[in-house]
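Visitor: File query.cif below, mmCIF, C-alpha atoms and all ligand atoms:
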```
data_final
loop_
_atom_site.label_atom_id
_atom_site.label_comp_id
_atom_site.auth_asym_id
_atom_site.auth_seq_id
_atom_site.Cartn_x
_atom_site.Cartn_y
_atom_site.Cartn_z
CA MET A 1368 30.89 -1.68 -40.25
CA SER A 1369 32.21 0.92 -42.63
CA ASN A 1370 32.02 -0.67 -46.06
CA THR A 1371 28.66 -0.29 -47.76
CA THR A 1372 28.86 -3.92 -48.96
CA ASP A 1373 28.48 -5.00 -45.33
CA TRP A 1374 24.91 -3.79 -45.35
CA ALA A 1375 21.92 -5.32 -47.11
CA ILE A 1376 20.66 -1.79 -47.79
CA HIS A 1377 22.56 1.42 -47.32
CA THR A 1378 21.40 4.90 -48.24
CA ASP A 1379 23.24 8.15 -47.84
CA GLN A 1380 21.31 11.42 -47.72
CA LEU A 1381 18.67 10.00 -50.03
CA THR A 1382 16.17 12.64 -51.10
CA LYS A 1383 13.06 12.67 -53.28
CA ASN A 1384 11.21 15.84 -54.07
CA PHE A 1385 7.81 16.06 -55.69
CA GLY A 1386 7.73 19.71 -56.77
CA GLN A 1387 7.95 21.72 -53.56
CA GLN A 1388 7.32 18.71 -51.36
CA VAL A 1389 10.20 16.78 -49.85
CA ALA A 1390 8.68 13.27 -49.77
CA VAL A 1391 11.97 11.81 -48.49
CA GLY A 1392 14.66 14.10 -47.12
CA ASP A 1393 18.33 13.28 -46.38
CA LEU A 1394 17.59 9.69 -45.45
CA SER A 1395 20.67 7.78 -44.28
CA LEU A 1396 19.73 4.23 -43.57
CA SER A 1397 21.81 1.13 -42.75
CA VAL A 1398 20.10 -2.24 -42.80
CA PRO A 1399 22.25 -5.05 -41.36
CA ARG A 1400 22.47 -8.27 -43.37
CA GLY A 1401 20.36 -11.01 -41.84
CA SER A 1402 18.14 -8.60 -39.93
CA VAL A 1403 14.38 -8.27 -39.96
CA PHE A 1404 14.24 -4.52 -40.35
CA GLY A 1405 11.12 -2.50 -39.71
CA PHE A 1406 10.52 0.69 -41.68
CA LEU A 1407 7.91 2.40 -39.59
CA GLY A 1408 5.99 5.58 -40.17
CA PRO A 1409 2.47 7.00 -40.43
CA ASN A 1410 0.61 7.38 -43.72
CA GLY A 1411 2.42 9.71 -46.09
CA SER A 1412 5.74 9.63 -44.23
CA GLY A 1413 7.70 8.48 -47.30
CA LYS A 1414 7.97 4.70 -46.90
CA THR A 1415 6.72 3.65 -50.33
CA THR A 1416 8.64 6.44 -52.02
CA THR A 1417 11.83 5.18 -50.37
CA ILE A 1418 11.11 1.58 -51.32
CA ARG A 1419 10.44 2.55 -54.93
CA MET A 1420 13.84 4.24 -55.05
CA LEU A 1421 15.55 1.18 -53.52
CA LEU A 1422 14.11 -0.95 -56.31
CA GLY A 1423 14.92 1.48 -59.11
CA LEU A 1424 11.20 2.12 -59.72
CA ALA A 1425 11.64 5.83 -58.97
CA SER A 1426 14.70 8.00 -59.34
CA ALA A 1427 16.21 9.87 -56.43
CA SER A 1428 16.47 13.64 -56.49
CA SER A 1429 19.82 13.32 -54.71
CA GLY A 1430 21.79 11.00 -52.46
CA SER A 1431 23.02 7.45 -52.98
CA ILE A 1432 21.78 3.88 -52.52
CA THR A 1433 23.45 0.50 -52.36
CA VAL A 1434 21.46 -2.74 -52.25
CA LEU A 1435 23.41 -5.94 -51.47
CA GLY A 1436 26.55 -3.96 -52.16
CA HIS A 1437 25.44 -2.79 -55.62
CA GLU A 1438 24.90 0.86 -56.43
CA ILE A 1439 21.35 1.71 -57.39
CA PRO A 1440 20.30 2.57 -60.06
CA GLN A 1441 23.71 2.11 -61.78
CA HIS A 1442 23.99 -1.61 -60.98
CA LEU A 1443 20.34 -2.49 -60.58
CA GLU A 1444 20.76 -5.51 -62.86
CA GLN A 1445 23.26 -7.12 -60.49
CA ALA A 1446 21.15 -6.52 -57.41
CA LEU A 1447 17.64 -7.33 -58.63
CA PRO A 1448 17.90 -11.10 -59.16
CA LYS A 1449 18.65 -11.48 -55.45
CA VAL A 1450 15.88 -9.13 -54.30
CA GLY A 1451 12.24 -10.13 -53.94
CA ALA A 1452 9.82 -7.26 -53.64
CA LEU A 1453 6.23 -6.54 -52.80
CA VAL A 1454 5.28 -2.94 -53.45
CA GLU A 1455 1.99 -1.17 -52.78
CA GLY A 1456 -0.80 -2.32 -55.11
CA PRO A 1457 0.95 -5.05 -57.14
CA ALA A 1458 -0.40 -5.12 -60.70
CA PHE A 1459 -1.73 -8.36 -62.12
CA TYR A 1460 -3.68 -9.32 -65.21
CA PRO A 1461 -7.22 -9.44 -63.85
CA TYR A 1462 -8.51 -11.94 -66.43
CA LEU A 1463 -5.71 -14.47 -65.77
CA SER A 1464 -5.62 -16.88 -62.86
CA GLY A 1465 -3.20 -16.37 -59.98
CA TYR A 1466 -1.23 -19.30 -61.28
CA LYS A 1467 -1.00 -17.90 -64.82
CA ASN A 1468 -0.10 -14.47 -63.51
CA LEU A 1469 2.88 -15.92 -61.70
CA LEU A 1470 3.95 -17.92 -64.77
CA ARG A 1471 3.91 -14.67 -66.72
CA MET A 1472 5.78 -12.73 -64.07
CA ASP A 1473 8.45 -15.38 -63.97
CA ALA A 1474 8.67 -15.59 -67.76
CA ALA A 1475 9.11 -11.81 -67.94
CA ASP A 1476 12.13 -12.12 -65.65
CA ARG A 1477 15.07 -12.88 -67.93
CA PHE A 1478 17.14 -14.17 -65.02
CA SER A 1479 14.69 -16.95 -64.25
CA ASP A 1480 14.98 -20.61 -65.19
CA ALA A 1481 12.21 -21.80 -67.54
CA PRO A 1482 12.32 -25.59 -66.92
CA SER A 1483 11.73 -25.15 -63.18
CA ARG A 1484 9.04 -22.48 -63.66
CA HIS A 1485 5.94 -24.58 -63.08
CA GLY A 1486 7.34 -26.12 -59.89
CA ARG A 1487 8.52 -22.80 -58.51
CA VAL A 1488 5.15 -21.17 -59.15
CA GLN A 1489 3.33 -24.03 -57.41
CA ALA A 1490 5.70 -23.84 -54.46
CA ALA A 1491 5.29 -20.06 -54.13
CA LEU A 1492 1.48 -20.36 -54.24
CA ALA A 1493 1.60 -23.04 -51.56
CA ARG A 1494 3.88 -20.95 -49.40
CA VAL A 1495 1.37 -18.07 -49.28
CA GLY A 1496 -1.69 -20.32 -48.93
CA LEU A 1497 -3.14 -19.73 -52.40
CA THR A 1498 -3.07 -23.26 -53.77
CA ASN A 1499 -6.88 -23.61 -53.57
CA ALA A 1500 -7.40 -20.28 -55.32
CA ALA A 1501 -4.64 -20.81 -57.92
CA GLU A 1502 -7.09 -21.21 -60.82
CA LYS A 1503 -9.31 -18.28 -59.89
CA LYS A 1504 -8.98 -15.06 -61.89
CA ALA A 1505 -6.74 -12.58 -60.09
CA GLY A 1506 -9.31 -9.86 -60.81
CA ASN A 1507 -11.73 -11.72 -58.57
CA TYR A 1508 -9.22 -12.05 -55.73
CA SER A 1509 -9.94 -10.22 -52.50
CA LEU A 1510 -7.47 -7.55 -51.35
CA GLY A 1511 -5.80 -10.04 -49.03
CA MET A 1512 -5.55 -12.64 -51.78
CA LYS A 1513 -3.95 -10.08 -54.11
CA GLN A 1514 -1.49 -9.25 -51.38
CA ARG A 1515 -0.65 -12.94 -51.01
CA LEU A 1516 -0.18 -13.23 -54.77
CA GLY A 1517 2.22 -10.29 -54.60
CA LEU A 1518 4.16 -12.09 -51.89
CA ALA A 1519 4.22 -15.29 -53.94
CA ASN A 1520 5.70 -13.28 -56.79
CA ALA A 1521 8.49 -12.10 -54.48
CA LEU A 1522 9.17 -15.72 -53.53
CA LEU A 1523 9.47 -17.22 -57.01
CA LYS A 1524 13.22 -17.51 -56.64
CA PRO A 1525 15.72 -17.88 -53.80
CA ARG A 1526 16.44 -14.37 -52.48
CA ASP A 1527 19.01 -12.71 -50.26
CA LEU A 1528 16.76 -9.75 -49.52
CA LEU A 1529 13.02 -9.24 -49.41
CA ILE A 1530 11.63 -5.72 -49.56
CA LEU A 1531 8.01 -5.80 -48.47
CA ASP A 1532 5.83 -2.70 -48.45
CA GLU A 1533 3.08 -3.19 -45.85
CA PRO A 1534 2.93 -6.97 -46.45
CA THR A 1535 -0.09 -7.55 -44.22
CA ASN A 1536 -2.14 -4.69 -45.66
CA GLY A 1537 -5.69 -5.89 -46.35
CA LEU A 1538 -5.22 -9.28 -44.69
CA ASP A 1539 -7.64 -10.60 -42.07
CA PRO A 1540 -6.23 -11.46 -38.62
CA GLN A 1541 -5.68 -15.06 -39.64
CA GLY A 1542 -3.91 -14.05 -42.85
CA THR A 1543 -1.85 -11.49 -40.94
CA ARG A 1544 -0.66 -14.20 -38.59
CA GLU A 1545 0.19 -16.51 -41.45
CA VAL A 1546 2.18 -13.86 -43.28
CA ARG A 1547 3.95 -13.00 -40.04
CA ASN A 1548 4.89 -16.66 -39.60
CA LEU A 1549 6.01 -16.83 -43.21
CA ILE A 1550 8.26 -13.80 -42.68
CA ARG A 1551 9.72 -15.41 -39.56
CA SER A 1552 10.47 -18.62 -41.39
CA LEU A 1553 12.09 -16.72 -44.28
CA ALA A 1554 14.17 -14.79 -41.76
CA GLY A 1555 15.13 -18.13 -40.21
CA GLU A 1556 16.59 -19.11 -43.58
CA GLY A 1557 18.93 -16.14 -43.32
CA ILE A 1558 17.11 -13.85 -45.77
CA THR A 1559 17.31 -10.17 -44.86
CA ILE A 1560 13.84 -8.71 -44.62
CA PHE A 1561 13.03 -5.04 -44.94
CA LEU A 1562 9.37 -4.39 -44.28
CA SER A 1563 7.42 -1.20 -44.00
CA SER A 1564 4.44 -0.69 -41.77
CA HIS A 1565 2.43 2.08 -40.17
CA LEU A 1566 1.68 -0.29 -37.28
CA LEU A 1567 4.11 -0.39 -34.38
CA SER A 1568 2.62 -3.66 -33.09
CA GLU A 1569 3.47 -5.34 -36.39
CA ILE A 1570 7.07 -4.14 -36.26
CA GLU A 1571 7.39 -5.09 -32.59
CA GLN A 1572 6.33 -8.65 -33.31
CA LEU A 1573 8.71 -9.20 -36.18
CA CYS A 1574 11.68 -6.91 -36.17
CA SER A 1575 15.03 -6.64 -34.46
CA ASP A 1576 15.88 -3.27 -35.94
CA VAL A 1577 13.82 -0.29 -36.89
CA ALA A 1578 13.87 3.05 -38.66
CA VAL A 1579 11.09 5.50 -37.88
CA MET A 1580 9.97 8.03 -40.50
CA SER A 1581 7.97 11.17 -39.96
CA GLU A 1582 7.13 13.57 -42.79
CA GLY A 1583 9.93 12.22 -44.97
CA LYS A 1584 12.57 12.45 -42.24
CA LEU A 1585 14.24 9.74 -40.24
CA VAL A 1586 13.44 10.37 -36.57
CA ALA A 1587 14.85 7.19 -35.01
CA HIS A 1588 17.13 4.40 -36.20
CA GLY A 1589 18.50 1.41 -34.31
CA SER A 1590 17.58 -1.77 -32.53
CA LEU A 1591 14.15 -1.99 -30.91
CA ASP A 1592 15.91 -2.44 -27.57
CA ASP A 1593 17.82 0.81 -28.10
CA LEU A 1594 14.57 2.55 -28.90
CA ARG A 1595 12.89 1.18 -25.81
CA SER A 1596 15.71 2.42 -23.63
CA GLN A 1597 15.41 5.89 -25.19
CA ALA A 1598 11.77 6.16 -24.20
CA ASP A 1599 11.87 8.41 -21.15
CA THR A 1600 11.17 6.98 -17.73
CA ARG A 1601 9.06 9.43 -15.70
CA LEU A 1602 8.54 10.01 -12.03
CA VAL A 1603 5.08 11.18 -11.01
CA VAL A 1604 4.59 12.42 -7.44
CA GLU A 1605 1.58 13.97 -5.79
CA VAL A 1606 2.42 16.05 -2.71
CA ASP A 1607 0.86 18.74 -0.54
CA ASP A 1608 3.77 21.17 -0.95
CA THR A 1609 5.06 21.15 -4.54
CA ALA A 1610 7.58 24.00 -4.03
CA ARG A 1611 9.45 22.21 -1.26
CA ALA A 1612 9.20 18.88 -3.08
CA ILE A 1613 10.76 20.40 -6.20
CA THR A 1614 13.71 21.70 -4.16
CA LEU A 1615 14.21 18.29 -2.63
CA LEU A 1616 13.94 16.50 -5.99
CA ALA A 1617 16.52 18.91 -7.45
CA ALA A 1618 18.88 17.84 -4.66
CA HIS A 1619 18.43 14.31 -6.03
CA ASN A 1620 19.30 15.48 -9.57
CA ILE A 1621 15.69 15.37 -10.68
CA VAL A 1622 15.27 18.57 -12.65
CA ASP A 1623 12.94 20.28 -15.14
CA PRO A 1624 9.77 19.11 -13.44
CA ILE A 1625 6.33 19.80 -14.84
CA VAL A 1626 3.86 20.86 -12.17
CA ALA A 1627 0.10 20.61 -12.42
CA ASP A 1628 -1.88 21.24 -9.22
CA HIS A 1629 -0.27 18.96 -6.67
CA THR A 1630 1.34 16.64 -9.20
CA ILE A 1631 4.98 16.84 -10.25
CA THR A 1632 6.21 14.95 -13.31
CA ALA A 1633 9.87 14.66 -14.28
CA THR A 1634 12.12 12.59 -16.53
CA VAL A 1635 14.34 10.30 -14.49
CA PRO A 1636 16.95 7.62 -15.18
CA PRO A 1637 15.43 4.10 -15.37
CA SER A 1638 17.59 3.14 -12.36
CA ILE A 1639 15.83 5.64 -10.06
CA ASP A 1640 15.47 4.55 -6.41
CA GLN A 1641 11.79 5.17 -5.82
CA ALA A 1642 11.82 4.22 -2.13
CA ALA A 1643 14.72 6.57 -1.35
CA ILE A 1644 12.89 9.50 -2.96
CA ASN A 1645 9.73 8.69 -1.05
CA GLN A 1646 11.63 8.46 2.22
CA ALA A 1647 13.44 11.75 1.64
CA LEU A 1648 10.16 13.57 0.94
CA VAL A 1649 8.48 12.14 4.01
CA ALA A 1650 11.52 12.90 6.18
CA GLN A 1651 11.09 16.57 5.22
CA GLY A 1652 7.52 16.45 6.43
CA ILE A 1653 6.15 16.57 2.88
CA ARG A 1654 2.97 14.56 2.57
CA VAL A 1655 3.19 12.10 -0.37
CA ASN A 1656 -0.19 11.00 -1.75
CA LYS A 1657 1.21 9.19 -4.73
CA LEU A 1658 4.62 8.28 -6.09
CA VAL A 1659 5.06 6.18 -9.23
CA VAL A 1660 7.69 5.57 -11.88
CA GLU A 1661 6.16 5.23 -15.34
CA GLN A 1662 7.89 3.42 -18.15
CA PRO A 1663 6.14 4.63 -21.26
CA SER A 1664 5.32 2.02 -23.87
CA LEU A 1665 7.10 1.98 -27.19
CA GLU A 1666 3.77 3.13 -28.58
CA ASP A 1667 3.92 6.32 -26.50
CA TYR A 1668 7.45 6.87 -27.71
CA PHE A 1669 6.50 6.26 -31.34
CA VAL A 1670 3.60 8.71 -31.09
CA GLY A 1671 5.96 11.21 -29.46
CA LEU A 1672 8.31 10.90 -32.43
CA THR A 1673 5.78 10.98 -35.25
CA GLY A 1674 3.01 13.06 -33.74
CA GLU A 1675 -0.51 12.08 -32.96
CA GLY A 1676 -3.68 12.82 -34.83
CA PHE A 1677 -6.00 11.39 -37.41
CA GLU A 1678 -5.09 13.94 -40.09
CA VAL A 1679 -2.10 13.02 -42.28
CA ALA A 1680 0.73 15.54 -42.03
CA ARG A 1681 0.42 16.61 -45.68
N1 LIG B 1 4.10 10.47 -57.61
C1 LIG B 1 3.90 11.36 -56.64
N2 LIG B 1 3.65 12.65 -56.93
C2 LIG B 1 3.48 13.59 -55.96
N3 LIG B 1 3.52 13.31 -54.64
C3 LIG B 1 3.76 12.04 -54.30
C4 LIG B 1 3.95 10.98 -55.25
N4 LIG B 1 4.18 9.83 -54.59
C5 LIG B 1 4.12 10.13 -53.28
N5 LIG B 1 3.87 11.44 -53.08
C6 LIG B 1 3.75 12.13 -51.79
O1 LIG B 1 4.87 11.81 -51.01
C7 LIG B 1 4.51 11.63 -49.64
C8 LIG B 1 4.96 10.27 -49.16
O2 LIG B 1 4.20 9.27 -49.79
P1 LIG B 1 4.49 7.71 -49.61
O3 LIG B 1 3.57 6.98 -50.52
O4 LIG B 1 5.93 7.46 -49.75
O5 LIG B 1 4.06 7.51 -48.08
P2 LIG B 1 3.92 6.17 -47.22
O6 LIG B 1 4.78 6.36 -46.03
O7 LIG B 1 4.18 5.01 -48.08
O8 LIG B 1 2.39 6.22 -46.76
P3 LIG B 1 1.32 5.02 -46.54
O9 LIG B 1 1.54 4.49 -45.16
O10 LIG B 1 0.00 5.71 -46.64
O11 LIG B 1 1.53 3.98 -47.59
C9 LIG B 1 2.98 11.83 -49.58
O12 LIG B 1 2.72 13.15 -49.14
C10 LIG B 1 2.55 11.63 -51.02
O13 LIG B 1 1.41 12.40 -51.31
MG MG B 2 3.04 3.38 -48.62
#
```
Would you mind giving the structure from this file in structure tokens?
Ligand SMILES: Nc1ncnc2c1ncn2[C@@H]1O[C@H](COP(=O)(O)OP(=O)(O)OP(=O)(O)O)[C@@H](O)[C@H]1O
Ligand SMILES: [Mg+2]
Guide:
Amino acid sequence: MSNTTDWAIHTDQLTKNFGQQVAVGDLSLSVPRGSVFGFLGPNGSGKTTTIRMLLGLASASSGSITVLGHEIPQHLEQALPKVGALVEGPAFYPYLSGYKNLLRMDAADRFSDAPSRHGRVQAALARVGLTNAAEKKAGNYSLGMKQRLGLANALLKPRDLLILDEPTNGLDPQGTREVRNLIRSLAGEGITIFLSSHLLSEIEQLCSDVAVMSEGKLVAHGSLDDLRSQADTRLVVEVDDTARAITLLAAHNIVDPIVADHTITATVPPSIDQAAINQALVAQGIRVNKLVVEQPSLEDYFVGLTGEGFEVAR
């Protein structure tokens, strides 16, 4: 696909600086239409900043954006009616009920149809499981209920694209499951869904495609299957004579080993013939105490890409 209109979201070298800090740097992203696309990255990696630019809520320092084929921010007005969004900390009137908040939100949207308003608000509340709490003041909603109300707001009208920033943030396990099911059913209707998360497990359960951010940079982009196949397969062998084993492994095109005591670890192709390697070592009189091929989890790979540690990068 070469034309930017073929993509639900397309960015080219999108950059956002806050003073000296590059919050998003040279981000080139292509989100296929009809996909459930995961935007994954640890806290502070630039997800919300990117989403705010996609929605015209923040201006880019440089680079370009198209959403549903419309240039942003130049043609925001054409794109927005077809885009539902949930962005970090949605703002509601605390003294109004959830129901009244949605009525107001819809009324403030000049593209929306007034006669159908009441029905659409009711339907959106039902869809996110807030019917019973519809008359309660939004200010008294729990975090998860506020999140649901934000989702309901995104669903007030038929959409081609939903942009959801951490949609399950603050939800209990039950609520998380419900929102996940809701996202699946929306995807089943053909709506493109772009959702951010700092949780790999969330993305794995929902998404076909993924972009991984680290410190404002894109570090991986593609289908989850592609990503899985990029995670290195490793051979781990424990032998009595590591020097001779390394020579033999090299003869089998297994190079750049890491040696610790009697254990050798090396990256190998996933198609490696474990038994043949074992046999070759033993045939040379090398004693093999252990020989395993490890397929690291996507989690290991993700941590490898984004770095580990409790401290945020900056
Ligand atoms: N208005 C702002 N002024 C200055 N710095 C900002 C501003 N907004 C965001 N940043 C910085 O940009 C970086 C990226 O923030 P962003 O909110 O996009 O991260 P995130 O990936 O959404 O993180 P989280 O998972 O915690 O929501 C952070 O270092 C943040 O401090
Ligand atoms: Mg965020």
Visitor: Which residues are near region 1419-1433 of chain A? Cut-off 9 Å, all atoms listed in the file, ignore same chain within fewer than 4 positions. Put them as a PyMOL selection string.
Guide: chain A and resi 1371-1372+1374-1384+1393-1395+1414-1415+1437-1440+1442-1443+1446-1447+1450+1452+1454+1530
Visitor: Taking only residues of chain A that have an atom at most 12 Å from an atom of ligand LIG 1 (chain B), what is each one's shortest atom pair and its distance in Å to one decimal, using only C-alpha atoms and all ligand atoms, in chain and number order, as CSV?
Guide:
```
residue,atom,partner,partner_atom,distance
A:Thr1382,CA,B:LIG1,O1,11.3
A:Lys1383,CA,B:LIG1,O1,8.5
A:Asn1384,CA,B:LIG1,O1,8.1
A:Phe1385,CA,B:LIG1,C2,5.0
A:Gly1386,CA,B:LIG1,C2,7.5
A:Gln1387,CA,B:LIG1,N3,9.6
A:Gln1388,CA,B:LIG1,O1,7.3
A:Val1389,CA,B:LIG1,O1,7.4
A:Ala1390,CA,B:LIG1,O1,4.3
A:Val1391,CA,B:LIG1,C8,7.2
A:Gly1392,CA,B:LIG1,C8,10.6
A:Phe1406,CA,B:LIG1,O6,9.2
A:Leu1407,CA,B:LIG1,O6,8.2
A:Gly1408,CA,B:LIG1,O6,6.0
A:Pro1409,CA,B:LIG1,O9,5.4
A:Asn1410,CA,B:LIG1,O9,3.4
A:Gly1411,CA,B:LIG1,O5,3.4
A:Ser1412,CA,B:LIG1,O6,3.9
A:Gly1413,CA,B:LIG1,O4,3.2
A:Lys1414,CA,B:LIG1,O6,3.7
A:Thr1415,CA,B:LIG1,O7,3.7
A:Thr1416,CA,B:LIG1,O4,3.7
A:Thr1417,CA,B:LIG1,O4,6.4
A:Ile1418,CA,B:LIG1,O4,8.0
A:Arg1419,CA,B:LIG1,O4,8.4
A:Met1420,CA,B:LIG1,O4,10.1
A:Leu1424,CA,B:LIG1,N1,11.2
A:Ala1425,CA,B:LIG1,N1,9.0
A:Ser1426,CA,B:LIG1,N1,11.0
A:Val1454,CA,B:LIG1,O7,9.7
A:Glu1455,CA,B:LIG1,O11,7.3
A:Gly1456,CA,B:LIG1,O11,10.1
A:Leu1531,CA,B:LIG1,O7,11.5
A:Asp1532,CA,B:LIG1,O7,7.9
A:Glu1533,CA,B:LIG1,O11,7.5
A:Pro1534,CA,B:LIG1,O11,11.1
A:Asn1536,CA,B:LIG1,O11,9.6
A:Leu1562,CA,B:LIG1,O7,11.4
A:Ser1563,CA,B:LIG1,O7,8.1
A:Ser1564,CA,B:LIG1,O9,6.8
A:His1565,CA,B:LIG1,O9,5.6
A:Leu1566,CA,B:LIG1,O9,9.2
A:Val1579,CA,B:LIG1,O6,10.3
A:Met1580,CA,B:LIG1,O6,7.8
A:Ser1581,CA,B:LIG1,O6,8.4
A:Glu1582,CA,B:LIG1,C8,7.5
A:Gly1583,CA,B:LIG1,C8,6.8
A:Lys1584,CA,B:LIG1,C8,10.5
A:Leu1585,CA,B:LIG1,O6,11.6
A:Thr1673,CA,B:LIG1,O6,11.8
A:Glu1678,CA,B:LIG1,O10,11.7
A:Val1679,CA,B:LIG1,O12,8.4
A:Ala1680,CA,B:LIG1,O12,7.8
A:Arg1681,CA,B:LIG1,O12,5.4
```
Visitor: When you look at Leu1573 (chain A) with a cut-off of 8 Å (counting all atoms listed in the file), what residues show up, excluding the ones that are within fewer than 3 positions of it in the same chain? I need them as number ranges by chain.
Guide: A: 1403, 1405, 1547, 1550-1551, 1569-1570
Visitor: Measuring between all atoms listed in the file, which one of A:Ala1650, A:Leu1567, A:Glu1556, A:Leu1453 shows the shortest distance to ligand MG 2 (chain B)?
Guide: A:Leu1453
Visitor: Would you list the contacts of Arg1654 (chain A) as a VMD selection string, taking every protein, DNA or RNA residue within 9 Å and counting all atoms listed in the file, but skipping same-chain residues closer than 2 positions in sequence?
Guide: chain A and resid 1605 to 1608 1648 to 1649 1651 to 1652 1656
Visitor: Rounded to one decimal in Å, what is the spacing between CA of Ala1519 (chain A) and CA of Ser1397 (chain A)?
Guide: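 According to the coordinates, CA of Ala1519 (chain A) and CA of Ser1397 (chain A) are separated by 26.5 Å.
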Visitor: Figure out the distance between CA of Leu1591 (chain A) and CA of Ser1402 (chain A), please, to one decimal in Å.
Guide: 11.9 Å
Visitor: Of the candidates A:Cys1574, A:Leu1435, A:Ala1587, A:Ile1625, which shows the shortest atom-to-atom distance to Gly1671 (chain A), using only C-alpha atoms?
Guide: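 Answer, going by the shortest atom-to-atom distance: A:Ala1587.
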